[in-house]
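J.: As input, take model36.pdb (PDB, C-alpha atoms):
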```pdb
ATOM      1  CA  MET R   1     -15.938 -42.855   1.441
ATOM      2  CA  ARG R   2     -18.268 -39.941   2.005
ATOM      3  CA  PRO R   3     -16.727 -36.875   3.644
ATOM      4  CA  VAL R   4     -17.377 -36.348   7.340
ATOM      5  CA  VAL R   5     -18.843 -32.940   8.192
ATOM      6  CA  GLU R   6     -19.207 -31.209  11.551
ATOM      7  CA  ARG R   7     -20.862 -27.858  12.124
ATOM      8  CA  VAL R   8     -19.878 -25.914  15.219
ATOM      9  CA  ARG R   9     -20.438 -22.354  16.402
ATOM     10  CA  THR R  10     -18.178 -19.922  18.207
ATOM     11  CA  ALA R  11     -19.251 -18.158  21.383
ATOM     12  CA  GLU R  12     -20.539 -15.256  19.270
ATOM     13  CA  GLY R  13     -22.475 -17.592  16.959
ATOM     14  CA  VAL R  14     -20.117 -17.770  13.974
ATOM     15  CA  PRO R  15     -20.713 -21.058  12.119
ATOM     16  CA  VAL R  16     -17.662 -23.160  11.297
ATOM     17  CA  PHE R  17     -17.805 -26.208   9.028
ATOM     18  CA  VAL R  18     -15.191 -28.894   9.664
ATOM     19  CA  VAL R  19     -14.844 -31.230   6.687
ATOM     20  CA  ARG R  20     -12.739 -34.387   6.645
ATOM     21  CA  ASP R  21     -12.364 -36.107   3.291
ATOM     22  CA  GLY R  22     -12.085 -39.853   2.907
ATOM     23  CA  ASP R  23     -11.864 -42.658   5.444
ATOM     24  CA  PRO R  24     -11.551 -41.271   9.013
ATOM     25  CA  GLY R  25      -9.509 -44.362   9.916
ATOM     26  CA  ALA R  26      -6.976 -43.914   7.122
ATOM     27  CA  GLY R  27      -4.784 -41.380   8.886
ATOM     28  CA  PRO R  28      -4.859 -37.856  10.294
ATOM     29  CA  ALA R  29      -6.540 -35.163   8.210
ATOM     30  CA  ASN R  30      -5.013 -31.784   7.435
ATOM     31  CA  GLY R  31      -6.305 -28.591   5.858
ATOM     32  CA  GLY R  32      -6.381 -24.877   6.572
ATOM     33  CA  LEU R  33      -8.839 -22.630   8.374
ATOM     34  CA  ARG R  34     -10.571 -20.342   5.845
ATOM     35  CA  LEU R  35     -12.414 -17.217   7.018
ATOM     36  CA  LEU R  36     -14.779 -15.579   4.529
ATOM     37  CA  PRO R  37     -18.050 -13.610   4.567
ATOM     38  CA  TYR R  38     -19.871 -16.327   2.615
ATOM     39  CA  ASP R  39     -23.338 -15.284   1.501
ATOM     40  CA  SER R  40     -24.785 -18.504   2.914
ATOM     41  CA  GLU R  41     -23.800 -21.440   5.079
ATOM     42  CA  ARG R  42     -24.500 -23.684   2.102
ATOM     43  CA  ARG R  43     -21.706 -21.981   0.154
ATOM     44  CA  ALA R  44     -19.333 -22.317   3.093
ATOM     45  CA  LEU R  45     -20.028 -26.028   3.299
ATOM     46  CA  ALA R  46     -19.631 -26.469  -0.459
ATOM     47  CA  ASP R  47     -16.279 -24.666  -0.318
ATOM     48  CA  GLY R  48     -15.152 -26.901   2.526
ATOM     49  CA  LEU R  49     -16.131 -30.060   0.668
ATOM     50  CA  ARG R  50     -14.378 -28.948  -2.516
ATOM     51  CA  LEU R  51     -11.190 -27.875  -0.777
ATOM     52  CA  ALA R  52     -10.970 -30.913   1.499
ATOM     53  CA  ARG R  53     -11.045 -33.133  -1.575
ATOM     54  CA  ARG R  54      -8.267 -31.096  -3.171
ATOM     55  CA  MET R  55      -6.232 -31.394   0.008
ATOM     56  CA  THR R  56      -6.587 -35.178  -0.176
ATOM     57  CA  LEU R  57      -5.197 -35.107  -3.717
ATOM     58  CA  LYS R  58      -2.324 -32.857  -2.631
ATOM     59  CA  HIS R  59      -1.420 -35.093   0.286
ATOM     60  CA  ALA R  60      -1.573 -38.157  -1.977
ATOM     61  CA  LEU R  61       0.726 -36.470  -4.506
ATOM     62  CA  TYR R  62       3.371 -35.774  -1.860
ATOM     63  CA  ARG R  63       2.717 -38.976   0.121
ATOM     64  CA  THR R  64       2.422 -37.132   3.414
ATOM     65  CA  GLY R  65       0.274 -39.758   5.096
ATOM     66  CA  PHE R  66      -2.507 -37.236   5.656
ATOM     67  CA  SER R  67      -5.982 -37.163   4.201
ATOM     68  CA  GLY R  68      -7.623 -33.867   3.286
ATOM     69  CA  ALA R  69      -9.605 -31.526   5.495
ATOM     70  CA  LYS R  70     -10.822 -27.940   5.476
ATOM     71  CA  LEU R  71     -12.377 -25.630   8.038
ATOM     72  CA  THR R  72     -14.584 -22.819   6.709
ATOM     73  CA  ALA R  73     -15.819 -20.042   8.994
ATOM     74  CA  VAL R  74     -18.657 -17.742   7.935
ATOM     75  CA  ALA R  75     -17.764 -14.234   9.110
ATOM     76  CA  ASP R  76     -16.360 -10.870   8.089
ATOM     77  CA  PRO R  77     -12.584 -11.051   8.674
ATOM     78  CA  SER R  78     -12.496  -7.373   9.659
ATOM     79  CA  THR R  79     -15.036  -7.657  12.489
ATOM     80  CA  VAL R  80     -14.996 -11.270  13.701
ATOM     81  CA  ASP R  81     -13.896 -12.044  17.245
ATOM     82  CA  ARG R  82     -10.760 -13.926  16.259
ATOM     83  CA  PHE R  83     -10.003 -15.304  19.690
ATOM     84  CA  ALA R  84     -13.518 -16.749  19.988
ATOM     85  CA  LEU R  85     -13.086 -18.338  16.552
ATOM     86  CA  LEU R  86      -9.683 -19.788  17.403
ATOM     87  CA  ARG R  87     -10.913 -21.075  20.752
ATOM     88  CA  ALA R  88     -13.789 -22.916  19.033
ATOM     89  CA  VAL R  89     -11.385 -24.370  16.462
ATOM     90  CA  GLY R  90      -8.963 -25.382  19.218
ATOM     91  CA  ASP R  91     -11.773 -27.251  20.955
ATOM     92  CA  VAL R  92     -12.524 -29.123  17.724
ATOM     93  CA  LEU R  93      -8.866 -30.023  17.205
ATOM     94  CA  ASP R  94      -8.507 -31.237  20.790
ATOM     95  CA  ARG R  95     -11.640 -33.333  20.452
ATOM     96  CA  HIS R  96     -10.121 -35.088  17.442
ATOM     97  CA  ALA R  97      -6.937 -35.675  19.472
ATOM     98  CA  GLY R  98      -4.425 -35.889  16.655
ATOM     99  CA  ARG R  99      -6.802 -36.998  13.898
ATOM    100  CA  LEU R 100      -7.215 -33.444  12.571
ATOM    101  CA  TYR R 101      -4.692 -30.636  12.046
ATOM    102  CA  THR R 102      -5.144 -27.154  10.626
ATOM    103  CA  GLY R 103      -3.107 -24.135   9.555
ATOM    104  CA  CYS R 104      -3.443 -20.866   7.654
ATOM    105  CA  ASP R 105      -5.779 -20.280   4.759
ATOM    106  CA  MET R 106      -7.580 -17.224   3.367
ATOM    107  CA  ASN R 107      -7.865 -14.434   5.968
ATOM    108  CA  THR R 108      -6.142 -16.387   8.717
ATOM    109  CA  THR R 109      -2.584 -15.440   9.562
ATOM    110  CA  ALA R 110       0.611 -16.677  11.153
ATOM    111  CA  ALA R 111      -0.338 -14.592  14.193
ATOM    112  CA  ASP R 112      -3.671 -16.434  14.374
ATOM    113  CA  MET R 113      -1.866 -19.760  14.187
ATOM    114  CA  ARG R 114       0.481 -18.722  16.974
ATOM    115  CA  VAL R 115      -2.548 -18.037  19.167
ATOM    116  CA  LEU R 116      -4.200 -21.290  18.092
ATOM    117  CA  SER R 117      -1.049 -23.287  18.847
ATOM    118  CA  GLY R 118      -1.324 -22.002  22.418
ATOM    119  CA  LEU R 119      -4.838 -23.432  22.597
ATOM    120  CA  SER R 120      -4.212 -26.774  20.873
ATOM    121  CA  PRO R 121      -1.113 -28.734  19.820
ATOM    122  CA  TYR R 122      -2.676 -29.821  16.517
ATOM    123  CA  VAL R 123      -1.502 -26.914  14.354
ATOM    124  CA  LEU R 124       0.734 -27.228  11.273
ATOM    125  CA  ALA R 125       1.730 -23.691  10.306
ATOM    126  CA  ALA R 126       5.516 -23.275  10.714
ATOM    127  CA  VAL R 127       4.889 -21.384  13.966
ATOM    128  CA  ASP R 128       8.185 -19.912  15.250
ATOM    129  CA  SER R 129      10.015 -21.622  12.385
ATOM    130  CA  ALA R 130      12.845 -20.129  10.342
ATOM    131  CA  VAL R 131      10.886 -21.277   7.271
ATOM    132  CA  ASP R 132       8.479 -18.742   5.755
ATOM    133  CA  ALA R 133       5.581 -21.026   4.868
ATOM    134  CA  SER R 134       3.998 -18.420   2.574
ATOM    135  CA  LEU R 135       7.199 -18.047   0.568
ATOM    136  CA  ALA R 136       7.639 -21.817   0.369
ATOM    137  CA  THR R 137       4.075 -22.115  -0.937
ATOM    138  CA  ALA R 138       4.728 -19.327  -3.459
ATOM    139  CA  HIS R 139       7.762 -21.140  -4.850
ATOM    140  CA  GLY R 140       5.643 -24.266  -5.320
ATOM    141  CA  ILE R 141       2.965 -22.289  -7.168
ATOM    142  CA  VAL R 142       5.525 -20.618  -9.426
ATOM    143  CA  ALA R 143       7.086 -23.990 -10.198
ATOM    144  CA  ALA R 144       3.656 -25.244 -11.271
ATOM    145  CA  VAL R 145       3.123 -22.137 -13.436
ATOM    146  CA  ARG R 146       6.517 -22.662 -15.077
ATOM    147  CA  GLN R 147       5.650 -26.283 -15.791
ATOM    148  CA  ALA R 148       2.324 -25.283 -17.348
ATOM    149  CA  ALA R 149       4.096 -22.610 -19.415
ATOM    150  CA  GLY R 150       6.640 -25.071 -20.770
ATOM    151  CA  GLY R 151       9.510 -23.989 -18.531
ATOM    152  CA  ALA R 152       9.694 -20.210 -18.849
ATOM    153  CA  VAL R 153       7.394 -17.360 -17.885
ATOM    154  CA  ALA R 154       9.227 -14.526 -19.648
ATOM    155  CA  ASP R 155       6.779 -12.417 -21.682
ATOM    156  CA  ARG R 156       3.851 -14.539 -20.506
ATOM    157  CA  GLY R 157       0.754 -12.747 -19.242
ATOM    158  CA  VAL R 158      -0.225 -13.925 -15.755
ATOM    159  CA  LEU R 159      -3.063 -12.873 -13.447
ATOM    160  CA  VAL R 160      -2.496 -13.299  -9.714
ATOM    161  CA  HIS R 161      -5.796 -13.209  -7.812
ATOM    162  CA  GLY R 162      -5.177 -12.065  -4.256
ATOM    163  CA  VAL R 163      -2.014 -10.363  -3.041
ATOM    164  CA  GLY R 164      -1.746 -11.419   0.557
ATOM    165  CA  LYS R 165       1.535 -12.891   1.781
ATOM    166  CA  THR R 166       1.508 -15.833  -0.627
ATOM    167  CA  GLY R 167      -0.047 -14.038  -3.594
ATOM    168  CA  ALA R 168       2.330 -11.093  -3.303
ATOM    169  CA  ALA R 169       5.304 -13.468  -3.253
ATOM    170  CA  VAL R 170       3.951 -15.332  -6.298
ATOM    171  CA  ALA R 171       3.524 -12.062  -8.201
ATOM    172  CA  ALA R 172       7.024 -10.886  -7.282
ATOM    173  CA  LEU R 173       8.646 -14.166  -8.319
ATOM    174  CA  LEU R 174       6.800 -14.207 -11.647
ATOM    175  CA  ALA R 175       7.649 -10.571 -12.339
ATOM    176  CA  ALA R 176      11.307 -11.290 -11.557
ATOM    177  CA  GLY R 177      11.137 -14.083 -14.129
ATOM    178  CA  GLY R 178      10.009 -11.651 -16.819
ATOM    179  CA  ALA R 179       6.276 -12.373 -16.790
ATOM    180  CA  ARG R 180       3.753  -9.606 -17.447
ATOM    181  CA  VAL R 181       1.943  -9.812 -14.135
ATOM    182  CA  THR R 182      -1.491  -8.369 -13.456
ATOM    183  CA  THR R 183      -2.799  -8.540  -9.901
ATOM    184  CA  TYR R 184      -6.315  -8.376  -8.491
ATOM    185  CA  ASP R 185      -7.464  -8.178  -4.899
ATOM    186  CA  HIS R 186     -10.951  -7.408  -3.567
ATOM    187  CA  ASP R 187      -9.396  -5.071  -0.989
ATOM    188  CA  PRO R 188      -8.881  -1.569  -2.452
ATOM    189  CA  ALA R 189      -6.059  -1.069   0.068
ATOM    190  CA  ALA R 190      -4.085  -4.060  -1.233
ATOM    191  CA  PRO R 191      -0.468  -3.125  -1.950
ATOM    192  CA  LEU R 192       0.756  -2.117  -5.390
ATOM    193  CA  LEU R 193       3.595  -4.475  -6.262
ATOM    194  CA  PRO R 194       6.693  -3.397  -8.220
ATOM    195  CA  GLY R 195       6.689  -4.666 -11.779
ATOM    196  CA  CYS R 196       3.000  -5.580 -11.675
ATOM    197  CA  THR R 197      -0.170  -3.948 -12.972
ATOM    198  CA  ALA R 198      -3.030  -3.854 -10.479
ATOM    199  CA  LEU R 199      -6.674  -4.092 -11.479
ATOM    200  CA  HIS R 200      -8.964  -1.923  -9.382
ATOM    201  CA  PRO R 201     -11.652  -4.056  -7.705
ATOM    202  CA  LEU R 202     -14.432  -2.152  -9.484
ATOM    203  CA  SER R 203     -12.901  -2.819 -12.891
ATOM    204  CA  ALA R 204     -12.674  -6.599 -12.526
TER     205      ALA R 204
END
```
What would you get if you wrote out this structure as structure tokens?

T.:
Amino acid sequence: MRPVVERVRTAEGVPVFVVRDGDPGAGPANGGLRLLPYDSERRALADGLRLARRMTLKHALYRTGFSGAKLTAVADPSTVDRFALLRAVGDVLDRHAGRLYTGCDMNTTAADMRVLSGLSPYVLAAVDSAVDASLATAHGIVAAVRQAAGGAVADRGVLVHGVGKTGAAVAALLAAGGARVTTYDHDPAAPLLPGCTALHPLSA
């Protein structure tokens, strides 16, 4: 089946692409809300299509019953009106009435999801849960890295691209396992992590 694409705009004109992968009748779709200053709407749509397909594969692997989705918003995370964005996304989720769920992705946070969950019930983001979803994701990533490395990461060189909540946890877990971890983040103010070597954005 061809993916289903919607394009909506927030009250301040921010475009948001909503991509559902696969058969809309097969089950509810799930995928995170990504916020990036894409250089074109075409790139935002392409990212949504690519990531929705990957979410379908992930859901199939774990037999969740979901198909893949992705929401990509074209805006600067530091200046966007987040409430306007979340309100527009909440309207989309409510319109789908349980056929589409979203959660965190790049540049959207647990705080954003808490706000969004007050606007729509169709949010999967461990809101007010004792489970740290970012840490749980990090453990899954590290398990995959260990599998690819043959079981151990000690003395292996690893680059972690992005040191937000999940990336920082991944780097810390790998460093604790003895890996030689190099980190890179586009934000010059990104934290320096113990046991890791950080690449300056201009040197990457």

J.: Box for region 174-180 of chain R - axis-aligned, 5 Å on each of the six sides, all listed atoms - centre and size in Å to one decimal, as lines of an AutoDock Vina configuration file.

T.:
```
center_x = 7.5
center_y = -11.9
center_z = -14.5
size_x = 17.6
size_y = 14.6
size_z = 15.9
```

J.: Do you know which residues the PyMOL selection byres ((chain R and resi 160) around 8) returns on this file, as a list in words?

T.: Val158, Leu159, His161, Gly162, Val163, Gly167, Val170, Ala171, Val181, Thr182, Thr183 and Tyr184 of chain R

J.: Neighbours of region 6-18 of chain R within 8 Å (only C-alpha atoms; same-chain residues fewer than 6 positions away dropped), as a PyMOL selection string?

T.: chain R and resi 41+44-45+48+69-75+81+84-85+87-88

J.: Using the chain letters and numbers from this file, what does the PyMOL selection byres ((chain R and resi 115) around 12) select? Give the answer as a compact mmCIF listing (two decimals) with C-alpha atoms, in the frame of the given file.

T.:
```txt
# COMPACT_ATOMS: atom_id res chain seq x y z
CA ARG R 82 -10.76 -13.93 16.26
CA PHE R 83 -10.00 -15.30 19.69
CA ALA R 84 -13.52 -16.75 19.99
CA LEU R 85 -13.09 -18.34 16.55
CA LEU R 86 -9.68 -19.79 17.40
CA ARG R 87 -10.91 -21.08 20.75
CA VAL R 89 -11.38 -24.37 16.46
CA GLY R 90 -8.96 -25.38 19.22
CA GLY R 103 -3.11 -24.14 9.56
CA CYS R 104 -3.44 -20.87 7.65
CA THR R 108 -6.14 -16.39 8.72
CA THR R 109 -2.58 -15.44 9.56
CA ALA R 110 0.61 -16.68 11.15
CA ALA R 111 -0.34 -14.59 14.19
CA ASP R 112 -3.67 -16.43 14.37
CA MET R 113 -1.87 -19.76 14.19
CA ARG R 114 0.48 -18.72 16.97
CA LEU R 116 -4.20 -21.29 18.09
CA SER R 117 -1.05 -23.29 18.85
CA GLY R 118 -1.32 -22.00 22.42
CA LEU R 119 -4.84 -23.43 22.60
CA SER R 120 -4.21 -26.77 20.87
CA PRO R 121 -1.11 -28.73 19.82
CA VAL R 123 -1.50 -26.91 14.35
CA ALA R 125 1.73 -23.69 10.31
CA VAL R 127 4.89 -21.38 13.97
CA ASP R 128 8.18 -19.91 15.25
```

J.: Rank R:Thr102, R:Ser78, R:Thr197, R:Thr166 by their smallest atom-to-atom distance to Pro37 (chain R), using all atoms listed in the file, and report the top residue only.

T.: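 Closest to Pro37 (chain R), using all atoms listed in the file: R:Ser78.
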
J.: Rounded to one decimal in Å, what is the spacing between CA of Ala46 (chain R) and CA of Asp21 (chain R)?

T.: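 So the two atoms, CA of Ala46 (chain R) and CA of Asp21 (chain R), lie 12.6 Å apart.
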
J.: Which residues fall under the PyMOL selection byres ((chain R and resi 55) around 12) in this file, as number ranges by chain?

T.: R: 19-22, 29-32, 48-54, 56-71, 102

J.: Which residues are near Ala176 (chain R)? Cut-off 12 Å, only C-alpha atoms, ignore same chain within fewer than 2 positions. Put them as a ChimeraX atom specification.

T.: /R:142,152-155,169-174,178-181,193-196

J.: Between CA of Asp47 (chain R) and CA of Arg34 (chain R), what is the distance in Å, rounded to a tenth?

T.: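 Separating CA of Asp47 (chain R) from CA of Arg34 (chain R) is a distance of 9.4 Å.
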
J.: Quick one, how far is CA of Ala190 (chain R) from CA of Leu33 (chain R)?

T.: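 According to the coordinates, CA of Ala190 (chain R) and CA of Leu33 (chain R) are separated by 21.4 Å.
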
J.: I'd like to know which of R:Asp132, R:Asp187, R:Asp39, R:Asp91 is closest to Asn107 (chain R), using all atoms listed in the file.

T.: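 Smallest distance to Asn107 (chain R) is found for R:Asp187.
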
J.: Do you know which residues are at most 7 Å from Leu93 (chain R) counting only C-alpha atoms, after dropping those on the same chain fewer than 5 positions away, and could you put them as a PyMOL selection string?

T.: chain R and resi 100-101+120+122

J.: Hey, can you spit out that residue selection with C-alpha atoms as a compact mmCIF listing (two decimals), in the frame of the given file?

T.:
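What follows is the written file part_30.txt:
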```
# COMPACT_ATOMS: atom_id res chain seq x y z
CA LEU R 100 -7.22 -33.44 12.57
CA TYR R 101 -4.69 -30.64 12.05
CA SER R 120 -4.21 -26.77 20.87
CA TYR R 122 -2.68 -29.82 16.52
```

J.: At a cut-off of 12 Å, using all atoms listed in the file, what residues contact Gly151 (chain R)? Leave out same-chain residues fewer than 6 positions from it and give the result as number ranges by chain.

T.: R: 142-145, 177

J.: Keeping only C-alpha atoms, write the selected residues to a file as a short mmCIF file (atom, residue, chain, number, x, y, z; two decimals), keeping the file's coordinate frame.

T.:
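This went into result-v2.cif:
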```cif
data_model
loop_
_atom_site.label_atom_id
_atom_site.label_comp_id
_atom_site.auth_asym_id
_atom_site.auth_seq_id
_atom_site.Cartn_x
_atom_site.Cartn_y
_atom_site.Cartn_z
CA VAL R 142 5.52 -20.62 -9.43
CA ALA R 143 7.09 -23.99 -10.20
CA ALA R 144 3.66 -25.24 -11.27
CA VAL R 145 3.12 -22.14 -13.44
CA GLY R 177 11.14 -14.08 -14.13
#
```

J.: Nearest to Ala175 (chain R) among R:Gly157, R:His96, R:Gly27, R:Ala130, with distances taken over only C-alpha atoms: which residue is it?

T.: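 Closest candidate: R:Gly157.
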
J.: Find the residues around Pro191 (chain R) up to 9 Å (only C-alpha atoms counted), leave out those fewer than 6 positions away in its own chain, and share them as JSON, numbers by chain.

T.: {"R": [163, 164, 168, 198]}
